[in-house]
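Chemist: Here it is: the structure, laid out below.
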Amino acid sequence: MTTLIQLMKRFAGIDTRREEYAYAKDPVFGHISQSRIAERWVKTTCGYCSVGCGMLVGVRDSKAVAVRGNPHHPVNRGKLCPKGLSEHHILDAPGRAKHPLLRKNGVLTPVSWDEALETMATRFREIQERYGHESLGVISTGQLVTEEFYTLGKLVQLGLRTRNFDGNTTLCMASAVSGYKLSFGSDGPPGSYADMENADVILLIGANIADNHPILCHRVDRTSPGTKPRTLIVVDPRVTKTAMMADIHLAVKPRSDIALLNGIAHILIREGLIDHDYIEQHTSGFTQFEEFVSAFTPAHVTSVTGLTEEQVLQIALLYGRAKSAFIGWTMGVNHSTQGAVTVAAINNLALITGNIGRVGSAPFSITGQCNAMGTRESGFASSLPGYRKFESEKDREDLARIWNLPVDRIPSARGLAYPDIIEAAVQERIKALWIIATNPAVSFPNYKLLEHALRSVEFLVVQDGFHPTPTSEFADLVLPAAIWGEKEGTYTNSERRVSKVNPIVTPPGEARSDFNIFLALAERLGVKDELYPGWSTPHDAFLEWQRVSSGRLCDYSEFTWQQIEEANGIQWGGSSLYRDGIFRTEDGRARLHSVPCEPFQEQPDSNYNFILNTGRTVEHWHTRTKTAEVGILNDMVPNAWLEMNPSDAARLELKPHDRVTVRSRRGAVADLELRITGIVAPGQVFMPFHFSETNSNIVTLGAYDPISREPNFKQCAVRIERTPLRDRRSSSARR
């Protein structure tokens, strides 16, 4: 039987069968096979989720052979999750994109970089000359280094002159960004990971950190000797791994969290558990807010959420009486047509109790991807670099001066968001698409619409570290890009900590870093000298980004690459934002918002009688472009599944491991393994979204938040059927 420590050793590239190999003694793991003895160790930052773990990667014979957590990095303190422990395997994984490919006579054919870039520049110019600058759409990622995001934003908005530029971060973090802007006037998570350890009460809403951000579980652990006593409350319709860790789990009905938040505010006001001085000095809109939440009595909240009045009262009193209270959330909040205002409702609780700007207290968005924060700060998509506003003449003038450009070159309004770019492609308003380091054929919420868009454009460029992917198979041009471990720059994690990313090995074949691809295209377009004078490395981008961010909330001018490296990461803004109670609004006051609780769009009925929920599993990352190629991860979870409550399974006469089909009004996903479990409530089902073979987005709803434009990946109506034998895939296909 494989023990946990043996499994950890396998992840780290350490052989447990030492009698079969030459070995050396390792101070951490014991014996290491000779082939895994590193000649040198490279310090870097994990490239998966937003936790931002520091790591050391061992290199031997120019290959990455081992990995371990950096014990001096303040984020993870030497720990890594399964993905981090096996991350070095992606560098020589099968399926890497190694050569530019251009579709000729219907077939993707290897070509030189010269031909690839010249074709790309020529086709983009031709299409924009015929249909206008904004006939080009660009969809980026949360996986690049900040220096690349900054470079790309300038190239798209100022070089290619299209505003239709967004990233896959809109699929996960746009609601958090919009909610922060609604309440505080600016993006930027106000707190830090340390707040979880210093809080008296931790309230996690729609945040399954045990699967999505596992290293953060150590921050909420209450069992270790010497840890501060605190109460962990988890709000989630499903009994997640995180809910199992909680002192209190509130199994609310899907999308009833707004009612709960308003109900907590109602009780806090009624019981006098609010900070009147803070409200008076630092907020606006309290009178209207107080009147609005007066309707959210415990009885009303109970009718909406399915909780008892005692539960609602208990949670409100715990939060209100805490000396310091922390609220964290992830996709369970963001993935909604009401995501942005749900974030504002969370912020309301922090503001009326003064739980912001001090140790242990914050409304804290736990970001999705490793550098989603970097693109939010510098990427030139939903805002101008440095959290500037498109509509602000002063902000545009500031950037024009720094860049030595006419101010009218800088857009005065945001272009289309990600889902709107896709819809514009279907409508043939977008004629060319450039997709960078993302896989929308699996991740976009309405697959049929996405497929229509990819087939409708005249020219599709996919730039990725892997090929083929479900998206790159549609491409007219594939550009092979370097990935994590092959380039240099910085990532910013969820707590605003900027950490260094270093190259470990060289990219395979002819693959180039995204930075070099962007500069090479800029040269072909004739804008390199204008936009990037004297640039040759990502460090040049960092130096300019320091000037652009200077004096802004996300100020990078105070530290260098070397200082970031030596300090194992530096937080811009310090441990807490808004310590002085001054916010980035016109009058310096935070805004309280009255947020109605609306039913989710597609309610179950007699034909589609289940509510589908989707999410992640700890072993895989997003669309499995990387993790499916890492054998140890894929062997642990090779296929998707469906979770169903025992009472529903009995009613449908289904048994564990039956093969079932999930069917919605949009399509069907067949041949899922059925798991019968009390983890999900009656009337609800759950499936992971990582798997292209059983793509959950064939059935999910193409509905979006009107403010953030983030998709409603959850809460669609489905029915469950036994999969006919003719529709079942072979076991080899499932692998």
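Each chain of the structure tokens is named A, B, ... in the order shown, its residues numbered from 1; ligands are numbered from 1 in display order.
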Just the helix (DSSP H, G or I) stuff from segment 579-718 of chain A, please, per backbone DSSP, written as a list in words.
Modeler: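 DSSP on the backbone gives helix (DSSP H, G or I) at Thr627, Ala628, Glu629, Gly631, Ile632, Leu633, Asn634, Asp635, Met636, Pro646, Ser647, Asp648, Ala649, Ala650, Arg651, Ser696, Asn697 and Ile698 of chain A.
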Chemist: Which polymer residues have any atom within 12 Å of an atom of Thr122 of chain A, counting only C-alpha atoms, with same-chain residues fewer than 2 positions away left out, as number ranges by chain?
Modeler: A: 114-120, 124-129, 160, 432, 459, 521, 524-526
Chemist: Could you save the residues just selected, with N, CA, C and O atoms, as a PDB file, in the first residue's frame?
Modeler:
ATOM      1  N   ASP A 114       9.532  33.390 -39.450  1.00  0.00           N
ATOM      2  CA  ASP A 114       9.384  34.524 -40.369  1.00  0.00           C
ATOM      3  C   ASP A 114       8.056  34.441 -41.116  1.00  0.00           C
ATOM      4  O   ASP A 114       7.315  35.425 -41.204  1.00  0.00           O
ATOM      5  N   GLU A 115       7.762  33.273 -41.648  1.00  0.00           N
ATOM      6  CA  GLU A 115       6.512  33.123 -42.391  1.00  0.00           C
ATOM      7  C   GLU A 115       5.305  33.253 -41.462  1.00  0.00           C
ATOM      8  O   GLU A 115       4.298  33.883 -41.814  1.00  0.00           O
ATOM      9  N   ALA A 116       5.414  32.688 -40.266  1.00  0.00           N
ATOM     10  CA  ALA A 116       4.290  32.747 -39.326  1.00  0.00           C
ATOM     11  C   ALA A 116       3.976  34.189 -38.939  1.00  0.00           C
ATOM     12  O   ALA A 116       2.815  34.629 -38.982  1.00  0.00           O
ATOM     13  N   LEU A 117       4.996  34.950 -38.565  1.00  0.00           N
ATOM     14  CA  LEU A 117       4.787  36.327 -38.114  1.00  0.00           C
ATOM     15  C   LEU A 117       4.381  37.236 -39.269  1.00  0.00           C
ATOM     16  O   LEU A 117       3.537  38.128 -39.102  1.00  0.00           O
ATOM     17  N   GLU A 118       4.975  37.028 -40.430  1.00  0.00           N
ATOM     18  CA  GLU A 118       4.608  37.848 -41.582  1.00  0.00           C
ATOM     19  C   GLU A 118       3.162  37.576 -41.989  1.00  0.00           C
ATOM     20  O   GLU A 118       2.404  38.512 -42.313  1.00  0.00           O
ATOM     21  N   THR A 119       2.765  36.318 -41.949  1.00  0.00           N
ATOM     22  CA  THR A 119       1.374  35.980 -42.261  1.00  0.00           C
ATOM     23  C   THR A 119       0.427  36.606 -41.256  1.00  0.00           C
ATOM     24  O   THR A 119      -0.618  37.169 -41.627  1.00  0.00           O
ATOM     25  N   MET A 120       0.774  36.510 -39.992  1.00  0.00           N
ATOM     26  CA  MET A 120      -0.074  37.062 -38.936  1.00  0.00           C
ATOM     27  C   MET A 120      -0.233  38.569 -39.092  1.00  0.00           C
ATOM     28  O   MET A 120      -1.354  39.104 -39.072  1.00  0.00           O
ATOM     29  N   PHE A 124      -3.809  40.305 -40.224  1.00  0.00           N
ATOM     30  CA  PHE A 124      -4.438  41.259 -39.305  1.00  0.00           C
ATOM     31  C   PHE A 124      -4.626  42.610 -39.991  1.00  0.00           C
ATOM     32  O   PHE A 124      -5.693  43.224 -39.890  1.00  0.00           O
ATOM     33  N   ARG A 125      -3.589  43.085 -40.694  1.00  0.00           N
ATOM     34  CA  ARG A 125      -3.685  44.379 -41.395  1.00  0.00           C
ATOM     35  C   ARG A 125      -4.787  44.342 -42.450  1.00  0.00           C
ATOM     36  O   ARG A 125      -5.597  45.267 -42.551  1.00  0.00           O
ATOM     37  N   GLU A 126      -4.800  43.301 -43.256  1.00  0.00           N
ATOM     38  CA  GLU A 126      -5.799  43.204 -44.329  1.00  0.00           C
ATOM     39  C   GLU A 126      -7.222  43.221 -43.772  1.00  0.00           C
ATOM     40  O   GLU A 126      -8.101  43.925 -44.288  1.00  0.00           O
ATOM     41  N   ILE A 127      -7.445  42.445 -42.739  1.00  0.00           N
ATOM     42  CA  ILE A 127      -8.785  42.362 -42.154  1.00  0.00           C
ATOM     43  C   ILE A 127      -9.186  43.695 -41.539  1.00  0.00           C
ATOM     44  O   ILE A 127     -10.321  44.170 -41.722  1.00  0.00           O
ATOM     45  N   GLN A 128      -8.251  44.346 -40.838  1.00  0.00           N
ATOM     46  CA  GLN A 128      -8.581  45.629 -40.221  1.00  0.00           C
ATOM     47  C   GLN A 128      -8.772  46.723 -41.272  1.00  0.00           C
ATOM     48  O   GLN A 128      -9.591  47.629 -41.078  1.00  0.00           O
ATOM     49  N   GLU A 129      -8.049  46.642 -42.371  1.00  0.00           N
ATOM     50  CA  GLU A 129      -8.257  47.623 -43.445  1.00  0.00           C
ATOM     51  C   GLU A 129      -9.628  47.469 -44.080  1.00  0.00           C
ATOM     52  O   GLU A 129     -10.273  48.455 -44.459  1.00  0.00           O
ATOM     53  N   LEU A 160      -2.098  47.505 -32.470  1.00  0.00           N
ATOM     54  CA  LEU A 160      -3.132  46.972 -33.355  1.00  0.00           C
ATOM     55  C   LEU A 160      -4.393  47.830 -33.346  1.00  0.00           C
ATOM     56  O   LEU A 160      -5.287  47.637 -34.176  1.00  0.00           O
ATOM     57  N   ALA A 432     -11.260  38.480 -37.028  1.00  0.00           N
ATOM     58  CA  ALA A 432     -10.008  37.792 -36.708  1.00  0.00           C
ATOM     59  C   ALA A 432      -9.903  37.678 -35.195  1.00  0.00           C
ATOM     60  O   ALA A 432     -10.295  38.593 -34.467  1.00  0.00           O
ATOM     61  N   PHE A 459      -9.704  34.514 -39.719  1.00  0.00           N
ATOM     62  CA  PHE A 459      -8.327  34.152 -39.370  1.00  0.00           C
ATOM     63  C   PHE A 459      -8.243  33.981 -37.856  1.00  0.00           C
ATOM     64  O   PHE A 459      -8.570  34.893 -37.099  1.00  0.00           O
ATOM     65  N   LEU A 521       6.161  40.568 -33.293  1.00  0.00           N
ATOM     66  CA  LEU A 521       4.993  41.018 -34.049  1.00  0.00           C
ATOM     67  C   LEU A 521       4.964  42.541 -34.125  1.00  0.00           C
ATOM     68  O   LEU A 521       4.635  43.114 -35.179  1.00  0.00           O
ATOM     69  N   ARG A 524       7.121  43.604 -36.884  1.00  0.00           N
ATOM     70  CA  ARG A 524       6.489  43.378 -38.185  1.00  0.00           C
ATOM     71  C   ARG A 524       5.430  44.438 -38.484  1.00  0.00           C
ATOM     72  O   ARG A 524       5.218  44.811 -39.638  1.00  0.00           O
ATOM     73  N   LEU A 525       4.763  44.892 -37.444  1.00  0.00           N
ATOM     74  CA  LEU A 525       3.713  45.903 -37.619  1.00  0.00           C
ATOM     75  C   LEU A 525       4.282  47.317 -37.701  1.00  0.00           C
ATOM     76  O   LEU A 525       3.545  48.276 -37.955  1.00  0.00           O
ATOM     77  N   GLY A 526       5.578  47.462 -37.438  1.00  0.00           N
ATOM     78  CA  GLY A 526       6.218  48.772 -37.510  1.00  0.00           C
ATOM     79  C   GLY A 526       5.983  49.656 -36.297  1.00  0.00           C
ATOM     80  O   GLY A 526       6.115  50.884 -36.394  1.00  0.00           O
TER      81      GLY A 526
END
Chemist: Within 8 Å of Thr342 of chain A, counting only C-alpha atoms, which residues show up once you throw out same-chain ones fewer than 3 positions away? Write them as a list in words, please.
Modeler: Gly179, Asp257, Ile258, Val333, Asn334, Gln338, Gly339, Ala345, Ile346 and Val595 of chain A
Chemist: Dump all heavy atoms for the selected residues as a CSV table (one decimal), in the first residue's frame?
Modeler:
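Written file, part-v1.csv:
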chain,number,residue,atom,x,y,z
A,179,GLY,N,-17.0,44.1,-8.2
A,179,GLY,CA,-17.6,44.3,-6.9
A,179,GLY,C,-16.7,45.2,-6.0
A,179,GLY,O,-17.2,46.1,-5.3
A,257,ASP,N,-27.1,33.2,-1.4
A,257,ASP,CA,-26.1,33.8,-0.6
A,257,ASP,C,-26.4,35.3,-0.3
A,257,ASP,O,-26.1,35.8,0.7
A,257,ASP,CB,-24.7,33.6,-1.1
A,257,ASP,CG,-24.5,33.8,-2.6
A,257,ASP,OD1,-25.5,34.2,-3.2
A,257,ASP,OD2,-23.4,33.5,-3.1
A,258,ILE,N,-27.0,36.0,-1.3
A,258,ILE,CA,-27.3,37.4,-1.2
A,258,ILE,C,-28.3,37.6,0.0
A,258,ILE,O,-28.2,38.5,0.8
A,258,ILE,CB,-27.8,38.0,-2.5
A,258,ILE,CG1,-26.7,38.1,-3.5
A,258,ILE,CG2,-28.4,39.4,-2.2
A,258,ILE,CD1,-27.1,38.5,-4.9
A,333,VAL,N,-19.2,32.5,-5.6
A,333,VAL,CA,-19.7,33.8,-5.6
A,333,VAL,C,-19.6,34.4,-7.0
A,333,VAL,O,-20.6,35.0,-7.6
A,333,VAL,CB,-19.1,34.8,-4.6
A,333,VAL,CG1,-19.4,36.2,-4.8
A,333,VAL,CG2,-19.5,34.3,-3.2
A,334,ASN,N,-18.4,34.4,-7.6
A,334,ASN,CA,-18.1,35.1,-8.8
A,334,ASN,C,-18.9,34.5,-10.0
A,334,ASN,O,-19.3,35.3,-10.9
A,334,ASN,CB,-16.7,35.0,-9.1
A,334,ASN,CG,-15.8,35.8,-8.1
A,334,ASN,OD1,-16.3,36.6,-7.4
A,334,ASN,ND2,-14.5,35.5,-8.1
A,338,GLN,N,-25.3,37.5,-10.9
A,338,GLN,CA,-25.3,38.5,-9.8
A,338,GLN,C,-24.0,38.6,-9.1
A,338,GLN,O,-23.9,39.0,-7.9
A,338,GLN,CB,-26.4,38.3,-8.8
A,338,GLN,CG,-27.8,38.7,-9.3
A,338,GLN,CD,-28.8,38.8,-8.2
A,338,GLN,OE1,-29.3,37.7,-7.8
A,338,GLN,NE2,-29.1,40.0,-7.7
A,339,GLY,N,-22.9,38.1,-9.7
A,339,GLY,CA,-21.6,38.0,-9.0
A,339,GLY,C,-21.1,39.3,-8.5
A,339,GLY,O,-20.7,39.4,-7.3
A,345,ALA,N,-22.3,43.0,-1.7
A,345,ALA,CA,-23.0,42.7,-0.5
A,345,ALA,C,-22.0,42.1,0.6
A,345,ALA,O,-22.2,42.4,1.8
A,345,ALA,CB,-24.1,41.6,-0.8
A,346,ILE,N,-21.0,41.4,0.2
A,346,ILE,CA,-20.0,41.0,1.1
A,346,ILE,C,-19.2,42.2,1.7
A,346,ILE,O,-19.0,42.3,2.9
A,346,ILE,CB,-19.0,40.0,0.4
A,346,ILE,CG1,-19.7,38.7,0.1
A,346,ILE,CG2,-17.7,39.8,1.3
A,346,ILE,CD1,-18.9,37.8,-0.8
A,595,VAL,N,-28.6,45.3,-2.4
A,595,VAL,CA,-28.5,44.3,-3.4
A,595,VAL,C,-29.7,43.3,-3.3
A,595,VAL,O,-29.8,42.6,-2.3
A,595,VAL,CB,-27.2,43.5,-3.2
A,595,VAL,CG1,-27.1,42.4,-4.2
A,595,VAL,CG2,-26.0,44.4,-3.3
Chemist: Nearest residue to Gln281 of chain A out of A:Pro596, A:Gly588, A:Gly379, A:Gly489, using only C-alpha atoms?
Modeler: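 For Gln281 of chain A, the nearest of the candidates is A:Gly588.
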Chemist: Report the closest atom pair, with its distance in Å rounded to one decimal, for each residue of segment 44-91 of chain A that has an atom no farther than 8 Å from segment 622-637 of chain A; count only C-alpha atoms, sort by chain and then rising residue number, and write it as JSON lines.
Modeler:
{"residue": "A:Pro82", "atom": "CA", "partner": "A:Leu633", "partner_atom": "CA", "distance": 7.7}
{"residue": "A:Lys83", "atom": "CA", "partner": "A:Leu633", "partner_atom": "CA", "distance": 7.5}
{"residue": "A:Ser86", "atom": "CA", "partner": "A:Val630", "partner_atom": "CA", "distance": 7.5}
{"residue": "A:His89", "atom": "CA", "partner": "A:Val630", "partner_atom": "CA", "distance": 6.2}
{"residue": "A:Ile90", "atom": "CA", "partner": "A:Lys626", "partner_atom": "CA", "distance": 6.3}
Chemist: Store the residues picked out above, limited to N, CA and C atoms, as a PDB file, in the first residue's frame.
Modeler:
ATOM      1  N   PRO A  82      -0.464  18.857  -4.650  1.00  0.00           N
ATOM      2  CA  PRO A  82      -0.079  17.856  -5.658  1.00  0.00           C
ATOM      3  C   PRO A  82       0.342  18.445  -6.994  1.00  0.00           C
ATOM      4  N   LYS A  83      -0.329  19.505  -7.448  1.00  0.00           N
ATOM      5  CA  LYS A  83       0.048  20.097  -8.744  1.00  0.00           C
ATOM      6  C   LYS A  83       1.430  20.729  -8.658  1.00  0.00           C
ATOM      7  N   SER A  86       4.352  18.228  -8.644  1.00  0.00           N
ATOM      8  CA  SER A  86       4.629  17.550  -9.911  1.00  0.00           C
ATOM      9  C   SER A  86       4.807  18.537 -11.064  1.00  0.00           C
ATOM     10  N   HIS A  89       7.191  18.243 -14.196  1.00  0.00           N
ATOM     11  CA  HIS A  89       6.945  17.257 -15.243  1.00  0.00           C
ATOM     12  C   HIS A  89       6.328  17.877 -16.502  1.00  0.00           C
ATOM     13  N   ILE A  90       5.686  19.042 -16.372  1.00  0.00           N
ATOM     14  CA  ILE A  90       5.064  19.628 -17.569  1.00  0.00           C
ATOM     15  C   ILE A  90       6.100  20.155 -18.545  1.00  0.00           C
TER      16      ILE A  90
END
Chemist: Using only C-alpha atoms, which of A:Gly106, A:Ala541, A:Cys597, A:Asp476 sits nearest Phe296 of chain A?
Modeler: A:Cys597
Chemist: How far is it from atom CA of Pro74 of chain A to atom CA of Val51 of chain A, in Å with one decimal?
Modeler: 11.0 Å
Chemist: Find the residues near Leu144 of chain A: any atom within 8 Å, counting only C-alpha atoms, skip ones fewer than 6 places away on the same chain, and give them as a list in words.
Modeler: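 In the requested form, the answer reads Asn371, Ala437 and Asp514 of chain A.
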Chemist: Would you mind exporting N, CA, C and O atoms of the selected residues as a PDB file, in the first residue's frame?
Modeler:
ATOM      1  N   ASN A 371      -1.446  34.475 -12.109  1.00  0.00           N
ATOM      2  CA  ASN A 371      -1.162  35.896 -12.285  1.00  0.00           C
ATOM      3  C   ASN A 371      -2.373  36.654 -12.808  1.00  0.00           C
ATOM      4  O   ASN A 371      -2.233  37.617 -13.567  1.00  0.00           O
ATOM      5  N   ALA A 437      -2.746  31.450 -24.732  1.00  0.00           N
ATOM      6  CA  ALA A 437      -2.568  30.660 -23.503  1.00  0.00           C
ATOM      7  C   ALA A 437      -3.871  30.378 -22.777  1.00  0.00           C
ATOM      8  O   ALA A 437      -3.931  30.393 -21.550  1.00  0.00           O
ATOM      9  N   ASP A 514       6.327  34.350 -24.728  1.00  0.00           N
ATOM     10  CA  ASP A 514       5.267  35.250 -25.194  1.00  0.00           C
ATOM     11  C   ASP A 514       5.808  36.662 -25.382  1.00  0.00           C
ATOM     12  O   ASP A 514       5.431  37.361 -26.332  1.00  0.00           O
TER      13      ASP A 514
END
